[in-house]
Amino acid sequence: MKKSVSLCLAAGIILSAVISQFLIYFYAPMEQTLGLAQKIFYYHLPVAWWAFVSFFFSALFAILYLVKKSQRFNILSHANAEVGFVLASLTLITGSLWGKHSWGVWWTWDPKLTTALILWFIFASYLIIRSMPMPKEQKNNICAVIAIIGFMDVPLVFFATRLWRSIHPAVFHSNGTGLEPEMVHTIIFCVLSFVFLWFWLVSYRKQQLTQELKLETIKTKLLYEEEQ
């Protein structure tokens with residue numbers, strides 16, 4: 001990543017984080033029922049939505065890899081899958097914290113939570129296979145298929161509250177948000193500003209995986225020359 005781009009991303013991450021904290025704790029009003037615990041919502045929604053974005057790009061680049069067989073697409077799919085998995089894990093954690101205060105339990109087998117957990121397990125299996133010793137091309141092909149299958153679960157997670165009876169609140173629906181305008185402004189800013197951190201994470205991981213591939217290629221070449 002170029003130094004100028006890194007500096008811009010760093011500035012964007014810091015500035016958006018500072019503004020987000022101000023909006024969350026000083027601009028958005030306190031929710032009467034949950035109180036301070038409701039503030040988790042402003043962290044929960046951004047990591048959830050950007051996890052979905054990561055899984056979308058992981059599946060997209062997986063399709064391109066299967067068609068083109070380019071390691072560039074394989075690396076991009078891999079990087080997005082890892083970032084998406086981290087964000088999905090944070091989604092489940094923050095959701096459980098919110099659920100404890102809202103529902104009185106850490107976990108309930110609600111349709112939205114269940115489909116989200118299935119999505120997490122799918123990409124957990126993706127990462128497990130990535131670490132297994134097997135032929136590289138076979139591993140890449142299997143992981144590409146898993147990434148595509150995993151993304152097919154994303155619409156189910158997103159629309160779970162509309163498809164089935166769910167106690168999970170729908171943030172945006174046909175009758176409006178049910179939130180105060182200040183809350184809407186805050187959550188929109190938090191979701192949109194998360195792009196800086198998301199892009200940095202994906203770019204940084206892509207750079208790491210690219211360097212790993214180069215080192216592996218050099219190592220393979222040296223071993224081949226020694227055998228000759």
# chains A, B, ... in the order shown; residues from 1 in each chain; ligands from 1
call {"tool": "residues_around", "arguments": {"residues": "Val5 of chain A", "least_positions_apart": "3", "cutoff": "12 Å", "atoms": "only C-alpha atoms", "output": "mmCIF file with N, CA and C atoms, in the first residue's frame"}}
result
data_model
loop_
_atom_site.group_PDB
_atom_site.id
_atom_site.type_symbol
_atom_site.label_atom_id
_atom_site.label_comp_id
_atom_site.auth_asym_id
_atom_site.auth_seq_id
_atom_site.Cartn_x
_atom_site.Cartn_y
_atom_site.Cartn_z
ATOM 1 N N MET A 1 0.844 -1.185 0.000
ATOM 2 C CA MET A 1 0.000 0.000 0.000
ATOM 3 C C MET A 1 0.887 1.245 0.000
ATOM 4 N N LYS A 2 0.583 2.220 -0.841
ATOM 5 C CA LYS A 2 1.375 3.434 -0.917
ATOM 6 C C LYS A 2 1.271 4.213 0.391
ATOM 7 N N CYS A 8 -3.766 8.669 4.422
ATOM 8 C CA CYS A 8 -5.158 9.109 4.250
ATOM 9 C C CYS A 8 -6.115 8.182 4.999
ATOM 10 N N LEU A 9 -5.853 6.878 4.904
ATOM 11 C CA LEU A 9 -6.699 5.918 5.612
ATOM 12 C C LEU A 9 -6.569 6.093 7.124
ATOM 13 N N ALA A 10 -5.334 6.281 7.594
ATOM 14 C CA ALA A 10 -5.119 6.480 9.025
ATOM 15 C C ALA A 10 -5.849 7.720 9.521
ATOM 16 N N ALA A 11 -5.764 8.805 8.741
ATOM 17 C CA ALA A 11 -6.454 10.036 9.108
ATOM 18 C C ALA A 11 -7.967 9.833 9.110
ATOM 19 N N GLY A 12 -8.463 9.115 8.110
ATOM 20 C CA GLY A 12 -9.895 8.839 8.032
ATOM 21 C C GLY A 12 -10.376 7.996 9.195
ATOM 22 N N PHE A 196 -13.370 3.220 6.206
ATOM 23 C CA PHE A 196 -11.932 3.478 6.306
ATOM 24 C C PHE A 196 -11.211 2.311 6.986
ATOM 25 N N PHE A 199 -11.500 -0.941 4.749
ATOM 26 C CA PHE A 199 -10.606 -0.929 3.588
ATOM 27 C C PHE A 199 -9.156 -1.137 4.015
ATOM 28 N N TRP A 200 -8.783 -0.554 5.157
ATOM 29 C CA TRP A 200 -7.417 -0.735 5.649
ATOM 30 C C TRP A 200 -7.175 -2.196 6.026
ATOM 31 N N SER A 203 -6.949 -4.297 2.799
ATOM 32 C CA SER A 203 -5.732 -3.975 2.045
ATOM 33 C C SER A 203 -4.491 -4.521 2.750
ATOM 34 N N TYR A 204 -4.445 -4.371 4.076
ATOM 35 C CA TYR A 204 -3.298 -4.854 4.843
ATOM 36 C C TYR A 204 -3.179 -6.369 4.760
#
call {"tool": "residues_around", "arguments": {"residues": "Gly95 of chain A", "least_positions_apart": "2", "cutoff": "12 Å", "atoms": "only C-alpha atoms", "output": "PyMOL selection string"}}
result
chain A and resi 37-48+87-93+97-103+105-108+110+112-113+116-117+168-169
call {"tool": "write_last_selection", "arguments": {"atoms": "N, CA, C and O atoms", "output": "compact mmCIF listing (two decimals), in the first residue's frame"}}
result
# COMPACT_ATOMS: atom_id res chain seq x y z
N ALA A 37 -26.62 0.61 27.73
CA ALA A 37 -26.40 -0.64 26.98
C ALA A 37 -26.84 -0.51 25.53
O ALA A 37 -26.32 -1.22 24.66
N GLN A 38 -27.78 0.37 25.25
CA GLN A 38 -28.26 0.54 23.87
C GLN A 38 -27.16 1.07 22.96
O GLN A 38 -27.22 0.88 21.74
N LYS A 39 -26.14 1.71 23.53
CA LYS A 39 -25.05 2.27 22.73
C LYS A 39 -24.29 1.18 21.97
O LYS A 39 -23.60 1.47 20.98
N ILE A 40 -24.39 -0.07 22.43
CA ILE A 40 -23.75 -1.19 21.73
C ILE A 40 -24.25 -1.28 20.29
O ILE A 40 -23.54 -1.70 19.38
N PHE A 41 -25.49 -0.86 20.09
CA PHE A 41 -26.12 -0.88 18.77
C PHE A 41 -25.28 -0.16 17.72
O PHE A 41 -25.20 -0.58 16.56
N TYR A 42 -24.63 0.95 18.12
CA TYR A 42 -23.86 1.76 17.18
C TYR A 42 -22.55 1.09 16.77
O TYR A 42 -21.90 1.53 15.82
N TYR A 43 -22.15 0.06 17.51
CA TYR A 43 -20.98 -0.74 17.13
C TYR A 43 -21.43 -2.03 16.42
O TYR A 43 -20.77 -2.49 15.49
N HIS A 44 -22.53 -2.57 16.89
CA HIS A 44 -23.03 -3.84 16.38
C HIS A 44 -23.43 -3.76 14.91
O HIS A 44 -23.05 -4.63 14.11
N LEU A 45 -24.19 -2.74 14.56
CA LEU A 45 -24.67 -2.64 13.19
C LEU A 45 -23.56 -2.42 12.16
O LEU A 45 -23.55 -3.09 11.12
N PRO A 46 -22.60 -1.51 12.39
CA PRO A 46 -21.52 -1.34 11.41
C PRO A 46 -20.70 -2.61 11.17
O PRO A 46 -20.42 -2.95 10.01
N VAL A 47 -20.32 -3.32 12.24
CA VAL A 47 -19.50 -4.53 12.03
C VAL A 47 -20.32 -5.61 11.31
O VAL A 47 -19.77 -6.37 10.50
N ALA A 48 -21.63 -5.65 11.58
CA ALA A 48 -22.48 -6.64 10.90
C ALA A 48 -22.58 -6.35 9.41
O ALA A 48 -22.40 -7.23 8.57
N LEU A 87 -15.18 -9.64 11.63
CA LEU A 87 -16.32 -8.75 11.85
C LEU A 87 -17.57 -9.53 12.24
O LEU A 87 -18.36 -9.07 13.08
N ALA A 88 -17.74 -10.71 11.66
CA ALA A 88 -18.88 -11.56 12.04
C ALA A 88 -18.76 -12.02 13.49
O ALA A 88 -19.77 -12.11 14.21
N SER A 89 -17.54 -12.31 13.93
CA SER A 89 -17.31 -12.68 15.32
C SER A 89 -17.67 -11.53 16.26
O SER A 89 -18.32 -11.73 17.30
N LEU A 90 -17.26 -10.32 15.88
CA LEU A 90 -17.60 -9.13 16.68
C LEU A 90 -19.10 -8.89 16.67
O LEU A 90 -19.67 -8.43 17.68
N THR A 91 -19.75 -9.21 15.56
CA THR A 91 -21.21 -9.07 15.48
C THR A 91 -21.90 -9.97 16.49
O THR A 91 -22.82 -9.55 17.20
N LEU A 92 -21.46 -11.22 16.56
CA LEU A 92 -22.06 -12.17 17.51
C LEU A 92 -21.78 -11.76 18.95
O LEU A 92 -22.65 -11.88 19.82
N ILE A 93 -20.58 -11.27 19.20
CA ILE A 93 -20.21 -10.86 20.57
C ILE A 93 -21.03 -9.65 21.01
O ILE A 93 -21.64 -9.65 22.09
N LEU A 97 -24.02 -9.30 23.93
CA LEU A 97 -24.01 -8.30 25.01
C LEU A 97 -25.31 -7.50 25.02
O LEU A 97 -25.89 -7.24 26.08
N TRP A 98 -25.75 -7.11 23.83
CA TRP A 98 -27.01 -6.37 23.72
C TRP A 98 -28.19 -7.24 24.12
O TRP A 98 -29.10 -6.80 24.82
N GLY A 99 -28.17 -8.51 23.69
CA GLY A 99 -29.26 -9.42 23.99
C GLY A 99 -29.41 -9.69 25.47
O GLY A 99 -30.52 -9.84 25.97
N LYS A 100 -28.28 -9.74 26.19
CA LYS A 100 -28.34 -9.99 27.63
C LYS A 100 -29.11 -8.89 28.34
O LYS A 100 -29.89 -9.14 29.26
N HIS A 101 -28.89 -7.64 27.92
CA HIS A 101 -29.57 -6.52 28.54
C HIS A 101 -31.00 -6.37 28.03
O HIS A 101 -31.88 -5.94 28.77
N SER A 102 -31.22 -6.75 26.76
CA SER A 102 -32.55 -6.56 26.17
C SER A 102 -33.50 -7.71 26.45
O SER A 102 -34.67 -7.50 26.80
N TRP A 103 -33.00 -8.96 26.32
CA TRP A 103 -33.84 -10.15 26.44
C TRP A 103 -33.60 -10.92 27.74
O TRP A 103 -34.33 -11.85 28.06
N VAL A 105 -31.01 -12.89 28.27
CA VAL A 105 -30.20 -14.08 27.98
C VAL A 105 -29.09 -13.71 27.01
O VAL A 105 -29.23 -12.79 26.20
N TRP A 106 -27.98 -14.45 27.08
CA TRP A 106 -26.86 -14.18 26.18
C TRP A 106 -27.16 -14.64 24.76
O TRP A 106 -26.66 -14.07 23.80
N TRP A 107 -27.97 -15.70 24.65
CA TRP A 107 -28.23 -16.28 23.32
C TRP A 107 -29.63 -16.88 23.27
O TRP A 107 -30.08 -17.47 24.25
N THR A 108 -30.29 -16.72 22.15
CA THR A 108 -31.56 -17.37 21.90
C THR A 108 -31.58 -17.82 20.44
O THR A 108 -30.98 -17.15 19.59
N ASP A 110 -33.11 -17.47 17.90
CA ASP A 110 -33.91 -16.63 17.01
C ASP A 110 -33.45 -16.85 15.57
O ASP A 110 -32.27 -17.12 15.34
N LYS A 112 -32.74 -14.90 13.11
CA LYS A 112 -31.64 -14.04 12.67
C LYS A 112 -30.33 -14.45 13.31
O LYS A 112 -29.29 -14.50 12.64
N LEU A 113 -30.36 -14.77 14.60
CA LEU A 113 -29.15 -15.20 15.29
C LEU A 113 -28.68 -16.55 14.78
O LEU A 113 -27.47 -16.77 14.62
N ALA A 116 -27.10 -16.20 11.38
CA ALA A 116 -25.81 -15.53 11.53
C ALA A 116 -24.76 -16.49 12.06
O ALA A 116 -23.60 -16.46 11.63
N LEU A 117 -25.16 -17.37 12.98
CA LEU A 117 -24.22 -18.36 13.51
C LEU A 117 -23.82 -19.36 12.43
O LEU A 117 -22.66 -19.78 12.35
N HIS A 168 -35.69 -10.24 17.11
CA HIS A 168 -34.63 -9.30 16.77
C HIS A 168 -35.25 -8.09 16.09
O HIS A 168 -36.02 -8.24 15.13
N PRO A 169 -34.96 -6.88 16.54
CA PRO A 169 -35.58 -5.70 15.93
C PRO A 169 -35.08 -5.45 14.52
O PRO A 169 -33.90 -5.67 14.21
call {"tool": "select_by_dssp", "arguments": {"residues": "segment 3-145 of chain A", "states": "helix (DSSP H, G or I)", "output": "PyMOL selection string"}}
result
chain A and resi 3-27+36-68+71-103+111-130+136-145
call {"tool": "residues_around", "arguments": {"residues": "Cys143 of chain A", "least_positions_apart": "3", "cutoff": "6 Å", "atoms": "only C-alpha atoms", "output": "list in words"}}
result
Tyr126, Asn140 and Ile146 of chain A
call {"tool": "write_last_selection", "arguments": {"atoms": "N, CA, C and O atoms", "output": "PDB file, in the first residue's frame"}}
result
ATOM      1  N   TYR A 126     -14.037 -22.362   6.279  1.00  0.00           N
ATOM      2  CA  TYR A 126     -13.196 -21.796   5.217  1.00  0.00           C
ATOM      3  C   TYR A 126     -11.769 -21.599   5.739  1.00  0.00           C
ATOM      4  O   TYR A 126     -10.791 -22.008   5.092  1.00  0.00           O
ATOM      5  N   ASN A 140      -7.519 -23.946  -2.899  1.00  0.00           N
ATOM      6  CA  ASN A 140      -8.098 -22.705  -3.402  1.00  0.00           C
ATOM      7  C   ASN A 140      -9.492 -22.926  -3.998  1.00  0.00           C
ATOM      8  O   ASN A 140     -10.402 -22.117  -3.794  1.00  0.00           O
ATOM      9  N   ILE A 146     -16.699 -22.627  -0.950  1.00  0.00           N
ATOM     10  CA  ILE A 146     -17.236 -22.344   0.382  1.00  0.00           C
ATOM     11  C   ILE A 146     -17.606 -20.869   0.506  1.00  0.00           C
ATOM     12  O   ILE A 146     -18.643 -20.519   1.087  1.00  0.00           O
TER      13      ILE A 146
END
call {"tool": "atom_distance", "arguments": {"atom1": "atom CA of Leu213 of chain A", "atom2": "atom CA of Ser131 of chain A"}}
result
14.1 Å
call {"tool": "residues_around", "arguments": {"residues": "Pro155 of chain A", "least_positions_apart": "2", "cutoff": "12 Å", "atoms": "only C-alpha atoms", "output": "list in words"}}
result
Trp49, Phe52, Val53, Phe55, Phe56, Lys112, Thr115, Ala116, Leu119, Ile149, Gly150, Phe151, Met152, Asp153, Val157, Phe158, Phe159, Ala160, Thr161, Arg162 and Leu163 of chain A
call {"tool": "write_last_selection", "arguments": {"atoms": "C-alpha atoms", "output": "mmCIF file, in the first residue's frame"}}
result
data_model
loop_
_atom_site.group_PDB
_atom_site.id
_atom_site.type_symbol
_atom_site.label_atom_id
_atom_site.label_comp_id
_atom_site.auth_asym_id
_atom_site.auth_seq_id
_atom_site.Cartn_x
_atom_site.Cartn_y
_atom_site.Cartn_z
ATOM 1 C CA TRP A 49 -23.054 -4.755 7.661
ATOM 2 C CA PHE A 52 -21.739 -8.787 4.816
ATOM 3 C CA VAL A 53 -19.775 -6.546 2.439
ATOM 4 C CA PHE A 55 -18.452 -11.851 2.370
ATOM 5 C CA PHE A 56 -19.904 -10.378 -0.826
ATOM 6 C CA LYS A 112 -31.642 -14.036 12.674
ATOM 7 C CA THR A 115 -28.623 -17.859 10.400
ATOM 8 C CA ALA A 116 -25.815 -15.527 11.534
ATOM 9 C CA LEU A 119 -22.715 -17.979 8.426
ATOM 10 C CA ILE A 149 -21.986 -20.919 -0.550
ATOM 11 C CA GLY A 150 -21.352 -18.804 2.539
ATOM 12 C CA PHE A 151 -22.510 -15.611 0.872
ATOM 13 C CA MET A 152 -25.782 -17.320 -0.082
ATOM 14 C CA ASP A 153 -26.604 -17.279 3.642
ATOM 15 C CA VAL A 157 -29.475 -13.260 7.791
ATOM 16 C CA PHE A 158 -30.423 -9.831 6.476
ATOM 17 C CA PHE A 159 -34.096 -10.629 5.815
ATOM 18 C CA ALA A 160 -34.613 -13.071 8.708
ATOM 19 C CA THR A 161 -36.758 -10.603 10.658
ATOM 20 C CA ARG A 162 -39.041 -10.246 7.640
ATOM 21 C CA LEU A 163 -39.156 -13.914 6.582
#
call {"tool": "select_by_dssp", "arguments": {"residues": "segment 11-184 of chain A", "states": "strand (DSSP E or B)", "output": "list in words"}}
result
Glu31, Gly35, His173 and Gly176 of chain A
call {"tool": "closest_residue", "arguments": {"among": "A:Met134, A:Val145, A:Ala62, A:Ile19", "to": "Ile187 of chain A", "atoms": "only C-alpha atoms"}}
result
A:Ile19
call {"tool": "atom_distance", "arguments": {"atom1": "atom CA of Ile122 of chain A", "atom2": "atom CA of Leu192 of chain A"}}
result
26.4 Å
call {"tool": "atom_distance", "arguments": {"atom1": "atom CA of Ile142 of chain A", "atom2": "atom CA of Leu223 of chain A"}}
result
26.8 Å
call {"tool": "decode", "arguments": {"residues": "segment 14-35 of chain A", "atoms": "C-alpha atoms", "output": "compact mmCIF listing (two decimals), in the first residue's frame"}}
result
# COMPACT_ATOMS: atom_id res chain seq x y z
CA ILE A 14 -8.90 8.44 13.51
CA LEU A 15 -11.19 11.31 12.49
CA SER A 16 -14.23 9.09 11.92
CA ALA A 17 -13.60 7.28 15.22
CA VAL A 18 -13.48 10.55 17.16
CA ILE A 19 -16.62 11.90 15.50
CA SER A 20 -18.41 8.57 15.99
CA GLN A 21 -17.68 8.56 19.72
CA PHE A 22 -18.97 12.12 20.05
CA LEU A 23 -22.17 11.26 18.18
CA ILE A 24 -22.72 8.04 20.15
CA TYR A 25 -22.21 9.42 23.65
CA PHE A 26 -23.12 13.12 23.35
CA TYR A 27 -25.36 13.62 20.31
CA ALA A 28 -27.59 10.53 20.23
CA PRO A 29 -30.12 10.53 23.12
CA MET A 30 -30.12 7.87 25.80
CA GLU A 31 -32.66 5.09 25.14
CA GLN A 32 -35.14 5.01 28.05
CA THR A 33 -35.48 1.21 28.42
CA LEU A 34 -31.93 -0.10 27.87
CA GLY A 35 -30.04 3.00 28.89
